[in-house]
>>> print(open('entry.pdb').read())   # PDB, C-alpha atoms
ATOM      1  CA  MET A   1     -44.659 -22.025  35.647  1.00  0.00           C
ATOM      2  CA  GLN A   2     -46.857 -24.919  36.702  1.00  0.00           C
ATOM      3  CA  GLU A   3     -48.273 -22.617  39.383  1.00  0.00           C
ATOM      4  CA  TYR A   4     -48.869 -19.587  37.116  1.00  0.00           C
ATOM      5  CA  SER A   5     -52.219 -19.092  35.429  1.00  0.00           C
ATOM      6  CA  GLU A   6     -52.526 -15.340  34.839  1.00  0.00           C
ATOM      7  CA  GLU A   7     -52.889 -13.917  31.331  1.00  0.00           C
ATOM      8  CA  GLN A   8     -50.124 -11.301  31.762  1.00  0.00           C
ATOM      9  CA  PHE A   9     -46.677 -11.991  30.371  1.00  0.00           C
ATOM     10  CA  ILE A  10     -43.800 -12.641  32.739  1.00  0.00           C
ATOM     11  CA  ASN A  11     -40.293 -11.469  31.913  1.00  0.00           C
ATOM     12  CA  VAL A  12     -37.686 -14.163  32.414  1.00  0.00           C
ATOM     13  CA  GLY A  13     -34.309 -12.741  33.251  1.00  0.00           C
ATOM     14  CA  SER A  14     -31.718 -11.997  35.859  1.00  0.00           C
ATOM     15  CA  SER A  15     -32.549  -8.298  36.306  1.00  0.00           C
ATOM     16  CA  HIS A  16     -28.907  -7.517  35.523  1.00  0.00           C
ATOM     17  CA  GLU A  17     -28.270  -4.919  32.855  1.00  0.00           C
ATOM     18  CA  ARG A  18     -25.737  -5.329  30.027  1.00  0.00           C
ATOM     19  CA  SER A  19     -25.082  -3.009  27.106  1.00  0.00           C
ATOM     20  CA  ILE A  20     -25.445  -4.220  23.530  1.00  0.00           C
ATOM     21  CA  LYS A  21     -21.737  -3.541  23.033  1.00  0.00           C
ATOM     22  CA  ASP A  22     -20.827  -5.711  26.038  1.00  0.00           C
ATOM     23  CA  LEU A  23     -23.189  -8.451  24.859  1.00  0.00           C
ATOM     24  CA  ALA A  24     -21.674  -8.397  21.352  1.00  0.00           C
ATOM     25  CA  SER A  25     -18.179  -8.629  22.850  1.00  0.00           C
ATOM     26  CA  LEU A  26     -19.251 -11.568  25.004  1.00  0.00           C
ATOM     27  CA  VAL A  27     -20.701 -13.442  22.021  1.00  0.00           C
ATOM     28  CA  ARG A  28     -17.571 -12.621  20.015  1.00  0.00           C
ATOM     29  CA  ARG A  29     -15.329 -14.099  22.710  1.00  0.00           C
ATOM     30  CA  ILE A  30     -17.449 -17.232  23.221  1.00  0.00           C
ATOM     31  CA  ALA A  31     -17.623 -17.890  19.469  1.00  0.00           C
ATOM     32  CA  GLY A  32     -13.909 -17.265  19.057  1.00  0.00           C
ATOM     33  CA  PHE A  33     -14.531 -14.585  16.422  1.00  0.00           C
ATOM     34  CA  LYS A  34     -11.239 -12.817  15.704  1.00  0.00           C
ATOM     35  CA  GLY A  35     -12.611 -10.026  13.513  1.00  0.00           C
ATOM     36  CA  ASP A  36     -13.725  -6.575  14.525  1.00  0.00           C
ATOM     37  CA  ILE A  37     -17.261  -5.568  15.396  1.00  0.00           C
ATOM     38  CA  ALA A  38     -18.228  -2.559  13.283  1.00  0.00           C
ATOM     39  CA  TRP A  39     -20.523   0.015  14.880  1.00  0.00           C
ATOM     40  CA  ASP A  40     -22.385   2.524  12.725  1.00  0.00           C
ATOM     41  CA  ASP A  41     -22.160   5.729  14.760  1.00  0.00           C
ATOM     42  CA  THR A  42     -24.397   7.542  12.254  1.00  0.00           C
ATOM     43  CA  LYS A  43     -27.413   5.562  13.530  1.00  0.00           C
ATOM     44  CA  PRO A  44     -29.358   6.314  16.705  1.00  0.00           C
ATOM     45  CA  ASP A  45     -28.311   4.457  19.856  1.00  0.00           C
ATOM     46  CA  GLY A  46     -31.810   3.121  20.447  1.00  0.00           C
ATOM     47  CA  THR A  47     -33.347   2.765  23.871  1.00  0.00           C
ATOM     48  CA  PRO A  48     -30.874   3.916  26.530  1.00  0.00           C
ATOM     49  CA  ARG A  49     -31.791   1.041  28.874  1.00  0.00           C
ATOM     50  CA  LYS A  50     -32.881  -2.479  28.067  1.00  0.00           C
ATOM     51  CA  LEU A  51     -33.465  -3.887  31.556  1.00  0.00           C
ATOM     52  CA  MET A  52     -36.556  -6.065  31.871  1.00  0.00           C
ATOM     53  CA  ASP A  53     -38.420  -6.203  35.165  1.00  0.00           C
ATOM     54  CA  SER A  54     -38.548  -9.814  36.311  1.00  0.00           C
ATOM     55  CA  SER A  55     -39.805  -9.032  39.819  1.00  0.00           C
ATOM     56  CA  ARG A  56     -43.115 -10.842  39.256  1.00  0.00           C
ATOM     57  CA  LEU A  57     -41.286 -14.040  38.409  1.00  0.00           C
ATOM     58  CA  SER A  58     -38.937 -13.536  41.321  1.00  0.00           C
ATOM     59  CA  ALA A  59     -41.934 -13.111  43.633  1.00  0.00           C
ATOM     60  CA  LEU A  60     -43.072 -16.584  42.541  1.00  0.00           C
ATOM     61  CA  GLY A  61     -39.779 -17.958  43.839  1.00  0.00           C
ATOM     62  CA  TRP A  62     -37.916 -18.340  40.535  1.00  0.00           C
ATOM     63  CA  SER A  63     -34.357 -17.217  39.950  1.00  0.00           C
ATOM     64  CA  PRO A  64     -31.989 -18.030  37.095  1.00  0.00           C
ATOM     65  CA  THR A  65     -29.691 -21.001  37.581  1.00  0.00           C
ATOM     66  CA  VAL A  66     -27.534 -20.338  34.512  1.00  0.00           C
ATOM     67  CA  ASP A  67     -25.630 -17.077  34.097  1.00  0.00           C
ATOM     68  CA  LEU A  68     -25.653 -15.277  30.745  1.00  0.00           C
ATOM     69  CA  GLU A  69     -22.135 -16.273  29.710  1.00  0.00           C
ATOM     70  CA  THR A  70     -22.780 -19.955  30.429  1.00  0.00           C
ATOM     71  CA  GLY A  71     -26.156 -19.817  28.653  1.00  0.00           C
ATOM     72  CA  ILE A  72     -24.681 -18.251  25.525  1.00  0.00           C
ATOM     73  CA  GLY A  73     -21.876 -20.802  25.598  1.00  0.00           C
ATOM     74  CA  LEU A  74     -24.339 -23.689  25.848  1.00  0.00           C
ATOM     75  CA  ALA A  75     -26.471 -22.250  23.037  1.00  0.00           C
ATOM     76  CA  TYR A  76     -23.385 -21.829  20.837  1.00  0.00           C
ATOM     77  CA  GLU A  77     -22.241 -25.396  21.549  1.00  0.00           C
ATOM     78  CA  ASP A  78     -25.718 -26.636  20.628  1.00  0.00           C
ATOM     79  CA  PHE A  79     -25.606 -24.635  17.390  1.00  0.00           C
ATOM     80  CA  LEU A  80     -22.203 -26.070  16.533  1.00  0.00           C
ATOM     81  CA  SER A  81     -23.328 -29.626  17.200  1.00  0.00           C
ATOM     82  CA  LYS A  82     -26.316 -29.258  14.869  1.00  0.00           C
ATOM     83  CA  PHE A  83     -25.346 -26.754  12.179  1.00  0.00           C
ATOM     84  CA  ALA A  84     -21.586 -26.160  12.119  1.00  0.00           C
ATOM     85  CA  ALA A  85     -21.069 -28.179   8.938  1.00  0.00           C
ATOM     86  CA  LYS A  86     -23.764 -26.202   7.152  1.00  0.00           C
ATOM     87  CA  PHE A  87     -22.823 -22.653   8.218  1.00  0.00           C
ATOM     88  CA  LEU A  88     -19.147 -22.661   9.168  1.00  0.00           C
ATOM     89  CA  PRO A  89     -16.136 -23.257   6.918  1.00  0.00           C
TER      90      PRO A  89
END
>>> encode(input="entry.pdb", output="structure tokens")
Amino acid sequence: MQEYSEEQFINVGSSHERSIKDLASLVRRIAGFKGDIAWDDTKPDGTPRKLMDSSRLSALGWSPTVDLETGIGLAYEDFLSKFAAKFLP
């Protein structure tokens, strides 16, 4: 980003699509949550696709070095190291 000076936003991402259900299951597994995830089927599904275009960032030569699962795991470990005593039994 040291070379970027435009006013437009740049999406940072891998350009790989994942459903909300898959993402919730991934977070559940990483956190070791044993309960069920409840889905309210009476509510709208929302936007059918959630893929962000990160081609502008890619054109600048950037690509992600941490995959989503690793990133969520690192973020969860950081949370635990700072707040586990306050929020978890």
>>> atom_distance(input="entry.pdb", atom1="atom CA of A:Glu7", atom2="atom CA of A:Arg56")
13.0 Å
>>> closest_residue(input="entry.pdb", among="A:Gly61, A:Asn11, A:Tyr76, A:Glu17", to="A:Arg29", atoms="all atoms listed in the file")
A:Tyr76
>>> resolve_selection(input="entry.pdb", expression="the PyMOL selection byres ((chain A and resi 32-41) around 12)", output="PyMOL selection string")
chain A and resi 20-31+42-46+73+76-77+88
>>> closest_residue(input="entry.pdb", among="A:Trp62, A:Leu80, A:Glu69, A:Leu74", to="A:Tyr4", atoms="all atoms listed in the file")
A:Trp62
>>> resolve_selection(input="entry.pdb", expression="the PyMOL selection byres ((chain A and resi 63-65) around 9)", output="list in words")
Val12, Gly13, Ser14, Leu57, Ser58, Gly61, Trp62, Val66 and Asp67 of chain A
>>> atom_distance(input="entry.pdb", atom1="atom CA of A:Asp53", atom2="atom CA of A:Ser15")
6.3 Å
>>> atom_distance(input="entry.pdb", atom1="atom CA of A:Ser81", atom2="atom CA of A:Arg18")
27.6 Å
